[in-house]
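Q: Pasting work.cif here (mmCIF, C-alpha atoms):
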```cif
data_start
loop_
_atom_site.label_atom_id
_atom_site.label_comp_id
_atom_site.auth_asym_id
_atom_site.auth_seq_id
_atom_site.Cartn_x
_atom_site.Cartn_y
_atom_site.Cartn_z
CA MET I 1 82.87 134.21 104.26
CA PRO I 2 81.32 137.65 104.75
CA GLY I 3 78.43 136.38 106.85
CA LEU I 4 80.65 134.51 109.29
CA ALA I 5 82.99 137.47 109.53
CA ALA I 6 80.05 139.77 110.21
CA LEU I 7 78.75 137.51 112.95
CA ALA I 8 82.04 136.55 114.57
CA MET I 9 84.26 139.55 113.84
CA GLY I 10 82.02 142.43 112.84
CA PRO I 11 81.23 144.03 109.44
CA PRO I 12 82.99 142.34 106.48
CA LYS I 13 85.42 145.18 105.86
CA PRO I 14 88.12 145.62 104.77
CA ASN I 15 88.08 142.95 102.12
CA LEU I 16 90.81 142.20 99.60
CA ARG I 17 88.31 142.21 96.77
CA ASP I 18 88.05 145.98 97.19
CA TYR I 19 91.68 146.50 96.10
CA GLU I 20 92.64 146.82 92.45
CA PRO I 21 95.65 144.64 91.56
CA LEU I 22 98.89 146.35 90.64
CA ALA I 23 99.88 146.63 87.00
CA PRO I 24 102.08 143.66 86.01
CA ASP I 25 105.06 145.86 85.17
CA ALA I 26 104.83 147.60 88.56
CA SER I 27 104.74 144.43 90.60
CA PRO I 28 107.76 143.61 92.78
CA LEU I 29 109.02 140.04 93.13
CA VAL I 30 107.28 138.17 95.93
CA SER I 31 109.04 135.24 97.58
CA ILE I 32 106.42 132.75 98.80
CA ILE I 33 107.66 130.50 101.60
CA ILE I 34 105.70 127.34 102.43
CA PRO I 35 106.79 125.29 105.45
CA ALA I 36 105.55 121.74 104.94
CA ARG I 37 105.70 118.73 107.24
CA ASN I 38 103.69 115.62 106.38
CA GLU I 39 101.41 117.51 103.99
CA SER I 40 101.23 114.94 101.19
CA HIS I 41 97.42 115.24 101.13
CA ASN I 42 97.54 119.04 100.73
CA ILE I 43 100.75 120.19 99.09
CA GLU I 44 99.91 119.63 95.41
CA ARG I 45 96.58 121.45 95.62
CA CYS I 46 98.24 124.35 97.42
CA LEU I 47 101.14 124.68 94.98
CA ARG I 48 99.06 124.44 91.83
CA SER I 49 96.71 127.13 93.13
CA ILE I 50 99.64 129.47 93.83
CA LEU I 51 101.26 128.83 90.47
CA LYS I 52 97.99 129.78 88.74
CA SER I 53 98.09 133.23 90.31
CA ASP I 54 97.70 136.20 87.99
CA TYR I 55 100.62 137.70 89.91
CA ARG I 56 103.43 136.25 87.84
CA LYS I 57 106.57 137.63 89.52
CA ILE I 58 106.85 135.02 92.24
CA GLN I 59 109.51 132.79 93.71
CA VAL I 60 107.94 129.81 95.49
CA ILE I 61 110.01 128.03 98.12
CA VAL I 62 108.76 124.84 99.73
CA VAL I 63 110.75 123.87 102.78
CA ASP I 64 110.13 120.22 103.51
CA ASP I 65 110.40 120.05 107.29
CA ARG I 66 111.78 116.51 107.57
CA SER I 67 108.52 114.94 106.44
CA THR I 68 107.99 111.22 106.94
CA ASP I 69 105.54 110.98 104.02
CA ASN I 70 105.69 111.90 100.31
CA THR I 71 105.42 115.67 100.76
CA ALA I 72 108.83 116.46 99.24
CA ARG I 73 108.45 114.07 96.30
CA ILE I 74 105.03 115.46 95.40
CA ALA I 75 106.32 119.04 95.58
CA GLU I 76 109.35 118.13 93.46
CA ARG I 77 107.06 116.61 90.84
CA VAL I 78 105.08 119.85 90.64
CA ALA I 79 108.35 121.80 90.37
CA LEU I 80 109.19 119.97 87.14
CA ASP I 81 106.44 121.97 85.43
CA ASP I 82 107.38 125.43 86.74
CA ALA I 83 110.86 126.86 87.24
CA ARG I 84 109.54 129.39 89.74
CA LEU I 85 109.12 126.61 92.31
CA LEU I 86 112.05 125.49 94.44
CA VAL I 87 111.81 122.55 96.84
CA VAL I 88 114.42 122.23 99.59
CA ARG I 89 114.88 119.54 102.19
CA GLY I 90 115.01 121.19 105.60
CA GLU I 91 117.89 120.83 107.99
CA ASN I 92 117.59 119.06 111.33
CA LEU I 93 115.70 121.00 113.98
CA PRO I 94 118.12 123.01 116.15
CA LYS I 95 117.76 122.85 119.91
CA GLY I 96 115.15 125.28 121.20
CA TRP I 97 113.43 125.76 117.84
CA TYR I 98 109.93 124.69 116.84
CA GLY I 99 109.44 123.15 113.42
CA LYS I 100 107.41 125.79 111.60
CA PRO I 101 109.54 128.83 112.59
CA TRP I 102 112.67 126.88 111.63
CA ALA I 103 111.27 125.98 108.22
CA CYS I 104 110.17 129.59 107.63
CA TRP I 105 113.61 130.88 108.62
CA GLN I 106 115.32 128.48 106.21
CA GLY I 107 113.00 129.60 103.44
CA PHE I 108 113.77 133.24 104.16
CA ALA I 109 117.48 132.51 103.70
CA LEU I 110 116.73 131.59 100.07
CA ALA I 111 114.20 134.35 99.37
CA GLN I 112 115.11 137.00 96.80
CA GLY I 113 112.05 139.25 96.76
CA PRO I 114 111.52 142.57 98.57
CA ILE I 115 108.16 141.18 99.67
CA LEU I 116 107.78 137.89 101.53
CA LEU I 117 104.70 135.71 101.89
CA PHE I 118 104.53 132.97 104.52
CA THR I 119 101.63 130.63 103.86
CA ASP I 120 100.58 127.15 104.94
CA ALA I 121 100.49 124.00 102.87
CA ASP I 122 96.79 123.40 103.59
CA THR I 123 95.70 126.65 101.93
CA VAL I 124 94.16 127.16 98.50
CA HIS I 125 94.90 130.49 96.79
CA GLY I 126 92.58 132.15 94.30
CA PRO I 127 94.09 133.66 91.13
CA HIS I 128 93.68 137.25 92.40
CA LEU I 129 94.73 136.68 96.04
CA LEU I 130 98.35 137.74 95.82
CA SER I 131 97.84 140.63 93.42
CA ARG I 132 95.13 142.09 95.64
CA ALA I 133 97.16 141.48 98.79
CA VAL I 134 100.24 143.25 97.43
CA ALA I 135 98.04 146.14 96.27
CA ALA I 136 96.54 146.38 99.78
CA LEU I 137 100.00 146.23 101.38
CA GLU I 138 101.19 149.16 99.27
CA THR I 139 97.93 151.13 99.33
CA GLU I 140 97.65 150.98 103.12
CA ARG I 141 101.41 151.54 103.56
CA VAL I 142 101.73 148.79 106.12
CA ASP I 143 104.54 146.40 106.99
CA LEU I 144 102.54 143.20 107.59
CA LEU I 145 99.28 142.14 105.98
CA THR I 146 97.34 139.11 107.15
CA VAL I 147 93.97 137.78 106.08
CA MET I 148 91.04 135.68 107.21
CA PRO I 149 90.26 133.16 104.44
CA HIS I 150 87.16 131.08 103.97
CA GLN I 151 87.35 128.29 106.54
CA GLU I 152 86.30 125.00 105.01
CA MET I 153 84.17 122.91 107.37
CA THR I 154 83.48 119.64 105.62
CA GLY I 155 83.27 116.94 108.28
CA PHE I 156 80.76 116.55 111.10
CA TRP I 157 83.14 117.50 113.92
CA GLU I 158 84.50 120.52 112.04
CA ARG I 159 80.96 121.83 111.66
CA THR I 160 80.17 121.06 115.28
CA VAL I 161 83.25 122.47 117.03
CA GLN I 162 84.92 125.10 114.81
CA PRO I 163 82.15 127.76 115.09
CA PHE I 164 82.77 128.07 118.82
CA PHE I 165 86.39 129.06 118.24
CA PHE I 166 85.49 131.57 115.54
CA LEU I 167 83.12 133.18 118.03
CA LEU I 168 85.78 133.18 120.74
CA LEU I 169 88.31 134.83 118.44
CA GLY I 170 85.76 137.43 117.43
CA LEU I 171 84.96 138.21 121.06
CA ARG I 172 88.65 138.41 121.97
CA PHE I 173 90.05 140.49 119.12
CA GLY I 174 87.03 142.32 117.71
CA THR I 175 86.48 143.50 114.17
CA PRO I 176 89.14 143.82 111.46
CA ARG I 177 88.78 147.61 111.64
CA ARG I 178 89.52 147.53 115.36
CA LEU I 179 92.56 145.34 114.75
CA ASN I 180 93.83 147.78 112.13
CA ARG I 181 93.59 150.67 114.60
CA ASN I 182 95.36 148.74 117.33
CA ARG I 183 98.82 149.83 118.48
CA ASN I 184 98.91 147.71 121.64
CA PRO I 185 101.06 144.55 121.35
CA ARG I 186 98.70 142.72 123.74
CA HIS I 187 95.91 142.97 121.18
CA ALA I 188 97.93 142.19 118.04
CA ILE I 189 97.24 139.09 115.98
CA ALA I 190 98.24 137.60 112.64
CA ASN I 191 97.01 134.50 110.86
CA GLY I 192 99.87 132.16 110.01
CA GLN I 193 97.91 130.84 107.04
CA PHE I 194 98.82 134.05 105.19
CA ILE I 195 101.37 136.62 106.38
CA LEU I 196 102.64 139.08 103.77
CA VAL I 197 105.51 141.33 104.89
CA THR I 198 108.04 143.73 103.50
CA ARG I 199 111.53 142.31 103.62
CA ASP I 200 113.02 145.28 105.43
CA SER I 201 110.44 145.10 108.23
CA TYR I 202 110.93 141.34 108.61
CA GLU I 203 114.67 141.79 108.95
CA TRP I 204 114.19 144.74 111.33
CA VAL I 205 112.09 142.77 113.82
CA GLY I 206 114.24 139.65 113.50
CA GLY I 207 111.72 137.51 111.63
CA HIS I 208 110.96 133.98 112.73
CA LYS I 209 114.22 133.84 114.63
CA ARG I 210 112.56 136.14 117.19
CA VAL I 211 109.69 133.64 117.61
CA HIS I 212 111.67 130.43 117.18
CA ASP I 213 110.60 128.71 120.41
CA THR I 214 106.81 128.86 120.21
CA VAL I 215 103.90 127.11 118.55
CA ILE I 216 102.02 130.42 118.18
CA GLU I 217 104.66 132.03 116.01
CA ASP I 218 102.08 133.94 113.97
CA LEU I 219 100.57 135.72 116.97
CA LEU I 220 104.02 136.49 118.41
CA LEU I 221 105.26 137.80 115.07
CA ALA I 222 102.36 140.28 115.13
CA VAL I 223 103.32 141.20 118.69
CA ARG I 224 106.96 141.81 117.70
CA TYR I 225 105.88 143.98 114.77
CA THR I 226 103.60 146.05 116.99
CA GLU I 227 106.29 146.40 119.66
CA ALA I 228 108.63 147.73 116.96
CA GLY I 229 106.09 150.33 115.88
CA ARG I 230 105.44 148.59 112.58
CA ARG I 231 101.95 148.74 111.09
CA LEU I 232 99.74 145.68 110.64
CA PHE I 233 96.71 145.30 108.42
CA PHE I 234 94.00 142.65 108.72
CA ALA I 235 91.66 141.98 105.80
CA LEU I 236 89.06 139.42 104.83
CA ALA I 237 89.80 137.15 101.88
CA ASP I 238 86.76 134.90 101.77
CA ASP I 239 86.50 135.20 97.97
CA ASP I 240 90.20 134.66 97.32
CA MET I 241 91.46 132.01 99.72
CA SER I 242 90.27 128.92 101.57
CA VAL I 243 91.73 126.57 104.13
CA ARG I 244 90.68 123.41 105.88
CA MET I 245 92.39 123.55 109.25
CA TYR I 246 91.55 120.11 110.61
CA THR I 247 90.02 116.96 109.16
CA THR I 248 89.43 114.84 112.29
CA LEU I 249 88.15 115.30 115.83
CA GLY I 250 91.59 114.38 117.16
CA GLY I 251 93.18 117.05 114.99
CA ILE I 252 90.73 119.67 116.22
CA VAL I 253 91.38 118.80 119.88
CA GLU I 254 95.16 118.67 119.50
CA GLY I 255 95.37 121.77 117.31
CA TRP I 256 93.32 124.09 119.50
CA SER I 257 94.78 122.63 122.72
CA LYS I 258 98.30 123.52 121.65
CA ASN I 259 97.36 127.10 120.77
CA PHE I 260 94.81 128.25 123.31
CA PHE I 261 96.82 128.40 126.54
CA ARG I 262 99.92 129.88 124.92
CA GLY I 263 97.95 132.50 123.05
CA THR I 264 96.20 133.56 126.23
CA LEU I 265 99.48 133.58 128.16
CA GLU I 266 100.99 135.99 125.65
CA THR I 267 98.06 138.33 126.28
CA MET I 268 97.95 138.01 130.05
CA ARG I 269 101.73 137.91 130.63
CA SER I 270 100.99 136.00 133.85
CA ARG I 271 100.62 132.27 134.23
CA ALA I 272 98.15 132.61 137.11
CA LEU I 273 95.95 135.04 135.17
CA THR I 274 96.16 132.78 132.14
CA TYR I 275 94.73 129.86 134.08
CA VAL I 276 91.96 132.12 135.33
CA ALA I 277 91.20 133.32 131.79
CA VAL I 278 91.28 129.88 130.16
CA LEU I 279 89.14 128.27 132.84
CA GLY I 280 86.91 131.35 132.87
CA THR I 281 86.20 130.74 129.20
CA LEU I 282 84.24 127.68 130.32
CA TRP I 283 81.29 130.06 130.55
CA MET I 284 80.72 129.54 126.85
CA PRO I 285 80.33 125.74 126.76
CA LEU I 286 78.35 125.88 130.01
CA ALA I 287 76.00 128.47 128.52
CA PHE I 288 75.40 126.31 125.45
CA LEU I 289 74.92 123.17 127.54
CA ALA I 290 72.45 124.76 129.97
CA PRO I 291 69.39 124.51 127.66
CA SER I 292 69.93 120.77 127.20
CA VAL I 293 70.20 120.32 130.96
CA MET I 294 66.99 122.31 131.44
CA LEU I 295 65.19 120.13 128.91
CA VAL I 296 66.27 116.95 130.68
CA VAL I 297 65.37 118.28 134.14
CA GLY I 298 62.07 119.62 132.84
CA ALA I 299 61.21 116.24 131.35
CA LEU I 300 62.13 114.41 134.57
CA THR I 301 60.16 116.80 136.79
CA ARG I 302 57.35 117.23 134.25
CA SER I 303 57.70 120.99 134.54
CA ALA I 304 55.99 122.61 131.56
CA ALA I 305 57.56 125.99 132.29
CA GLN I 306 61.07 124.55 132.45
CA LEU I 307 60.50 122.50 129.32
CA ALA I 308 59.29 125.58 127.44
CA PHE I 309 62.19 127.73 128.61
CA GLY I 310 64.69 124.96 127.86
CA ALA I 311 63.23 124.42 124.39
CA ALA I 312 63.31 128.13 123.59
CA SER I 313 66.90 128.41 124.82
CA PHE I 314 67.96 125.32 122.87
CA LEU I 315 66.42 126.78 119.73
CA GLY I 316 68.19 130.09 120.29
CA CYS I 317 71.58 128.40 120.69
CA SER I 318 70.93 126.27 117.61
CA LEU I 319 70.06 129.34 115.55
CA LEU I 320 73.15 131.22 116.74
CA ILE I 321 75.53 128.41 115.80
CA GLY I 322 73.45 127.78 112.68
CA ALA I 323 73.95 131.38 111.59
CA VAL I 324 77.73 130.97 111.92
CA LEU I 325 77.56 127.75 109.94
CA ARG I 326 75.37 129.23 107.21
CA ALA I 327 77.78 132.13 106.85
CA GLY I 328 80.50 129.52 106.45
CA ARG I 329 78.49 127.87 103.66
CA VAL I 330 77.35 124.99 105.87
CA PRO I 331 73.68 123.97 106.37
CA MET I 332 72.16 125.68 109.40
CA TRP I 333 70.60 122.52 110.77
CA TYR I 334 74.01 121.40 112.05
CA GLY I 335 73.38 123.94 114.79
CA ILE I 336 71.25 121.41 116.65
CA PHE I 337 74.44 119.56 117.52
CA HIS I 338 75.76 122.51 119.52
CA PRO I 339 75.73 120.55 122.82
CA LEU I 340 78.33 118.16 121.35
CA GLY I 341 80.42 121.08 120.18
CA ALA I 342 80.16 122.67 123.62
CA LEU I 343 81.37 119.46 125.28
CA VAL I 344 84.38 119.28 122.95
CA LEU I 345 85.11 122.96 123.60
CA ALA I 346 85.07 122.32 127.35
CA ARG I 347 87.39 119.34 126.84
CA ILE I 348 89.83 121.47 124.84
CA LEU I 349 89.85 124.27 127.42
CA LEU I 350 90.49 121.88 130.30
CA ARG I 351 93.14 120.01 128.31
CA SER I 352 94.88 123.24 127.38
CA ALA I 353 94.90 124.40 131.01
CA ARG I 354 96.17 121.04 132.23
CA ARG I 355 99.05 121.06 129.78
CA GLY I 356 99.90 124.71 130.38
CA THR I 357 103.27 125.43 128.83
CA GLY I 358 104.37 121.82 129.11
CA ARG I 359 104.54 119.13 126.47
CA ILE I 360 103.16 119.64 122.96
CA GLU I 361 102.76 116.86 120.43
CA TRP I 362 102.31 118.01 116.85
CA LYS I 363 102.94 116.31 113.52
CA GLY I 364 105.08 113.56 114.99
CA ARG I 365 107.20 115.82 117.18
CA THR I 366 107.15 116.43 120.91
CA TYR I 367 108.12 119.81 122.35
CA SER I 368 108.66 120.30 126.06
CA HIS I 369 108.95 123.53 128.03
CA ALA I 370 108.89 124.13 131.73
#
```
Let me see the file written as structure tokens.
A:
Amino acid sequence: MPGLAALAMGPPKPNLRDYEPLAPDASPLVSIIIPARNESHNIERCLRSILKSDYRKIQVIVVDDRSTDNTARIAERVALDDARLLVVRGENLPKGWYGKPWACWQGFALAQGPILLFTDADTVHGPHLLSRAVAALETERVDLLTVMPHQEMTGFWERTVQPFFFLLLGLRFGTPRRLNRNRNPRHAIANGQFILVTRDSYEWVGGHKRVHDTVIEDLLLAVRYTEAGRRLFFALADDDMSVRMYTTLGGIVEGWSKNFFRGTLETMRSRALTYVAVLGTLWMPLAFLAPSVMLVVGALTRSAAQLAFGAASFLGCSLLIGAVLRAGRVPMWYGIFHPLGALVLARILLRSARRGTGRIEWKGRTYSHA
């Protein structure tokens, strides 16, 4: 989504569409590892999109992370049509490990390619995604390539809440070009929806074993790479990949709550400063709620000046969120619901701060850390 990237993260460059795919006979084998837990509603769409790739030299490994639904059976049915797809039932979760890093680590043990791709089961891959990504990895001579796909926002709450987090990420990490110049581990980031790495670099930094005890394994993997002096590359892939992160309000609240505090803690390296930063981020929902408050107060006091200022501010906030939504291929008029999105954002920030590094509930599992 070039427009959203331009608004939230700066100019829409670099973009994978600018890279010419490698010649088929020059393409190395890529092992694609997909950790999947309770993804019966996503896994078939994901796998069929990957298997339609114009990059033919692939080994696809689905690691079913002890799903309680039909994820494994659906993946095994797809595998009947393509020998490149292997479905494995994951082992029990070892003590101290989180589910996704453990599934990725098991997949790596079976991988044969000199290039590894870790991708999520809720992603949809375009036919040129992998060929362009491998070309970019080799052209830029980097060790890890990650992308920002088109973020699908289909439901009401997705369209109301998600834009706030895209803006926050843009403010925190800056443009893709800035990320690609970064050599400071505190400012490194990767998107776990698509992480393409060279095998030797993955083994050098210790792979997912080095980030086994966290729910933000993608961010920490980027940190470990940067600490090791390995180069990262961030590109946009709005034409080549899409993902729908959450489908319900509960999923949005739980998903962002589990990530926000821990991601900030990794940056701040201090629990006290992390609380200050997370609670300090309340400026954003408060700023978006202020116009609504002014409108109500102006109406109650019959203040024409306050009503006019509140109306103008409300319109400005609606247009800002509307621009993000339009760039994400969503009608701009959803921007008028920004006060609801701001309230949910405030709820998530407070919930994240309250939980701190304590209990996390995700996909039927509970993780606890002091």
Q: Return the single residue from I:Ala287, I:Leu279, I:Leu220, I:Val215 that is closest to I:Lys258, with distances computed using only C-alpha atoms.
A: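 Answer, going by the shortest atom-to-atom distance: I:Val215.
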Q: List the spatial neighbours of I:Ser242 as a list in words - criterion: any atom at most 10 Å away, all atoms listed in the file, same-chain residues fewer than 6 positions off excluded.
A: Met1, Asp122, Thr123, Val124, His125, Gly126, Met148, Pro149, His150, Gln151, Glu152 and Gln193 of chain I
Q: Hey, which of I:Gly155, I:Gly107, I:Gly322, I:Pro14 ends up closest to I:Thr248? Count all atoms listed in the file.
A: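 Smallest distance to I:Thr248 is found for I:Gly155.
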Q: So, counting only C-alpha atoms, which residue among I:Ala103, I:Val276, I:Met284, I:Asp143 is closest to I:Leu171?
A: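 Residue with the minimum atom-to-atom distance to I:Leu171: I:Met284.
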Q: Which centre and which edge lengths, in Å to one decimal, describe the axis-aligned box that holds all listed atoms of stretch 127-133 of chain I after 4 Å is added on each side, as JSON?
A:
```
{"center_x": 96.0, "center_y": 137.9, "center_z": 95.0, "size_x": 12.7, "size_y": 16.4, "size_z": 15.7}
```
Q: Just want the 12 Å neighbourhood of stretch 295-303 of chain I, counted on only C-alpha atoms, with same-chain residues fewer than 4 positions away dropped. Output as an NGL selection string.
A: :I and (289-291 or 307-315)
Q: Any idea what the distance is between atom CA of I:Arg37 and atom CA of I:Asp82?
A: 21.6 Å
Q: If you measure from atom CA of I:Ser49 to atom CA of I:Gln112, what distance in Å do you get, rounded to one decimal?
A: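 Interatomic distance here is 21.2 Å.
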Q: When the PyMOL selection byres ((chain I and resi 323) around 9) is applied to the file above, which residues end up in the set, as a PyMOL selection string?
A: chain I and resi 3-4+7+318-322+324-328+332+335
Q: Looking at I:Pro35, I:Pro21, I:Gly192, I:Pro94, which one is nearest to I:Thr71, with distances taken over all atoms listed in the file?
A: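 Looking at the shortest contact to I:Thr71, the residue is I:Pro35.
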Q: Written as a PDB file with C-alpha atoms, in the coordinates of the input, which residues does the PyMOL selection byres ((chain I and resi 222-228) around 12) give for the file shown?
A:
```pdb
ATOM      1  CA  VAL I 142     101.730 148.790 106.120  1.00  0.00           C
ATOM      2  CA  ASP I 143     104.540 146.400 106.990  1.00  0.00           C
ATOM      3  CA  LEU I 144     102.540 143.200 107.590  1.00  0.00           C
ATOM      4  CA  LEU I 145      99.280 142.140 105.980  1.00  0.00           C
ATOM      5  CA  THR I 146      97.340 139.110 107.150  1.00  0.00           C
ATOM      6  CA  LEU I 179      92.560 145.340 114.750  1.00  0.00           C
ATOM      7  CA  ASN I 180      93.830 147.780 112.130  1.00  0.00           C
ATOM      8  CA  ARG I 181      93.590 150.670 114.600  1.00  0.00           C
ATOM      9  CA  ASN I 182      95.360 148.740 117.330  1.00  0.00           C
ATOM     10  CA  ARG I 183      98.820 149.830 118.480  1.00  0.00           C
ATOM     11  CA  ASN I 184      98.910 147.710 121.640  1.00  0.00           C
ATOM     12  CA  PRO I 185     101.060 144.550 121.350  1.00  0.00           C
ATOM     13  CA  ARG I 186      98.700 142.720 123.740  1.00  0.00           C
ATOM     14  CA  HIS I 187      95.910 142.970 121.180  1.00  0.00           C
ATOM     15  CA  ALA I 188      97.930 142.190 118.040  1.00  0.00           C
ATOM     16  CA  ILE I 189      97.240 139.090 115.980  1.00  0.00           C
ATOM     17  CA  ALA I 190      98.240 137.600 112.640  1.00  0.00           C
ATOM     18  CA  ASN I 191      97.010 134.500 110.860  1.00  0.00           C
ATOM     19  CA  GLY I 192      99.870 132.160 110.010  1.00  0.00           C
ATOM     20  CA  ILE I 195     101.370 136.620 106.380  1.00  0.00           C
ATOM     21  CA  LEU I 196     102.640 139.080 103.770  1.00  0.00           C
ATOM     22  CA  VAL I 197     105.510 141.330 104.890  1.00  0.00           C
ATOM     23  CA  THR I 198     108.040 143.730 103.500  1.00  0.00           C
ATOM     24  CA  ASP I 200     113.020 145.280 105.430  1.00  0.00           C
ATOM     25  CA  SER I 201     110.440 145.100 108.230  1.00  0.00           C
ATOM     26  CA  TYR I 202     110.930 141.340 108.610  1.00  0.00           C
ATOM     27  CA  GLU I 203     114.670 141.790 108.950  1.00  0.00           C
ATOM     28  CA  TRP I 204     114.190 144.740 111.330  1.00  0.00           C
ATOM     29  CA  VAL I 205     112.090 142.770 113.820  1.00  0.00           C
ATOM     30  CA  GLY I 206     114.240 139.650 113.500  1.00  0.00           C
ATOM     31  CA  GLY I 207     111.720 137.510 111.630  1.00  0.00           C
ATOM     32  CA  HIS I 208     110.960 133.980 112.730  1.00  0.00           C
ATOM     33  CA  LYS I 209     114.220 133.840 114.630  1.00  0.00           C
ATOM     34  CA  ARG I 210     112.560 136.140 117.190  1.00  0.00           C
ATOM     35  CA  VAL I 211     109.690 133.640 117.610  1.00  0.00           C
ATOM     36  CA  ILE I 216     102.020 130.420 118.180  1.00  0.00           C
ATOM     37  CA  GLU I 217     104.660 132.030 116.010  1.00  0.00           C
ATOM     38  CA  ASP I 218     102.080 133.940 113.970  1.00  0.00           C
ATOM     39  CA  LEU I 219     100.570 135.720 116.970  1.00  0.00           C
ATOM     40  CA  LEU I 220     104.020 136.490 118.410  1.00  0.00           C
ATOM     41  CA  LEU I 221     105.260 137.800 115.070  1.00  0.00           C
ATOM     42  CA  GLY I 229     106.090 150.330 115.880  1.00  0.00           C
ATOM     43  CA  ARG I 230     105.440 148.590 112.580  1.00  0.00           C
ATOM     44  CA  ARG I 231     101.950 148.740 111.090  1.00  0.00           C
ATOM     45  CA  LEU I 232      99.740 145.680 110.640  1.00  0.00           C
ATOM     46  CA  PHE I 233      96.710 145.300 108.420  1.00  0.00           C
ATOM     47  CA  PHE I 234      94.000 142.650 108.720  1.00  0.00           C
ATOM     48  CA  GLY I 263      97.950 132.500 123.050  1.00  0.00           C
ATOM     49  CA  GLU I 266     100.990 135.990 125.650  1.00  0.00           C
ATOM     50  CA  THR I 267      98.060 138.330 126.280  1.00  0.00           C
TER      51      THR I 267
END
```
Q: Could you check which of I:Ile252, I:Leu273, I:Ala36, I:Leu168 is closest to I:Ala353, using all atoms listed in the file?
A: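 Of the candidates, the smallest distance to I:Ala353 is held by I:Leu273.
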Q: Go ahead and compute the interatomic distance for atom CA of I:Asn38 and atom CA of I:Trp256, in Å to one decimal.
A: 18.7 Å
Q: Just the residues within 9 Å of stretch 25-27 of chain I, please, counting only C-alpha atoms, with nothing from its chain fewer than 3 positions along; format it as a list in words.
A: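 Counting only C-alpha atoms, the residues come to Leu22, Val30, Tyr55, Arg56, Lys57, Ser131, Val134 and Ala135 of chain I.
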Q: Export C-alpha atoms of the chosen residues as a CSV table (one decimal), in the coordinates of the input?
A:
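What follows is the written file result-v7.csv:
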```csv
chain,number,residue,atom,x,y,z
I,22,LEU,CA,98.9,146.4,90.6
I,30,VAL,CA,107.3,138.2,95.9
I,55,TYR,CA,100.6,137.7,89.9
I,56,ARG,CA,103.4,136.2,87.8
I,57,LYS,CA,106.6,137.6,89.5
I,131,SER,CA,97.8,140.6,93.4
I,134,VAL,CA,100.2,143.2,97.4
I,135,ALA,CA,98.0,146.1,96.3
```
Q: For this structure, which residues satisfy the selection - the PyMOL selection byres ((chain I and resi 261) around 12) - when it is evaluated on the file as given? I want them as a ChimeraX atom specification.
A: /I:214-216,255-260,262-279,281,348-358,360
Q: Find the residue from I:Met294, I:Leu86, I:Ala23, I:Leu343 that sits nearest to I:Leu282; use only C-alpha atoms when measuring.
A: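 Counting only C-alpha atoms, the residue closest to I:Leu282 is I:Leu343.
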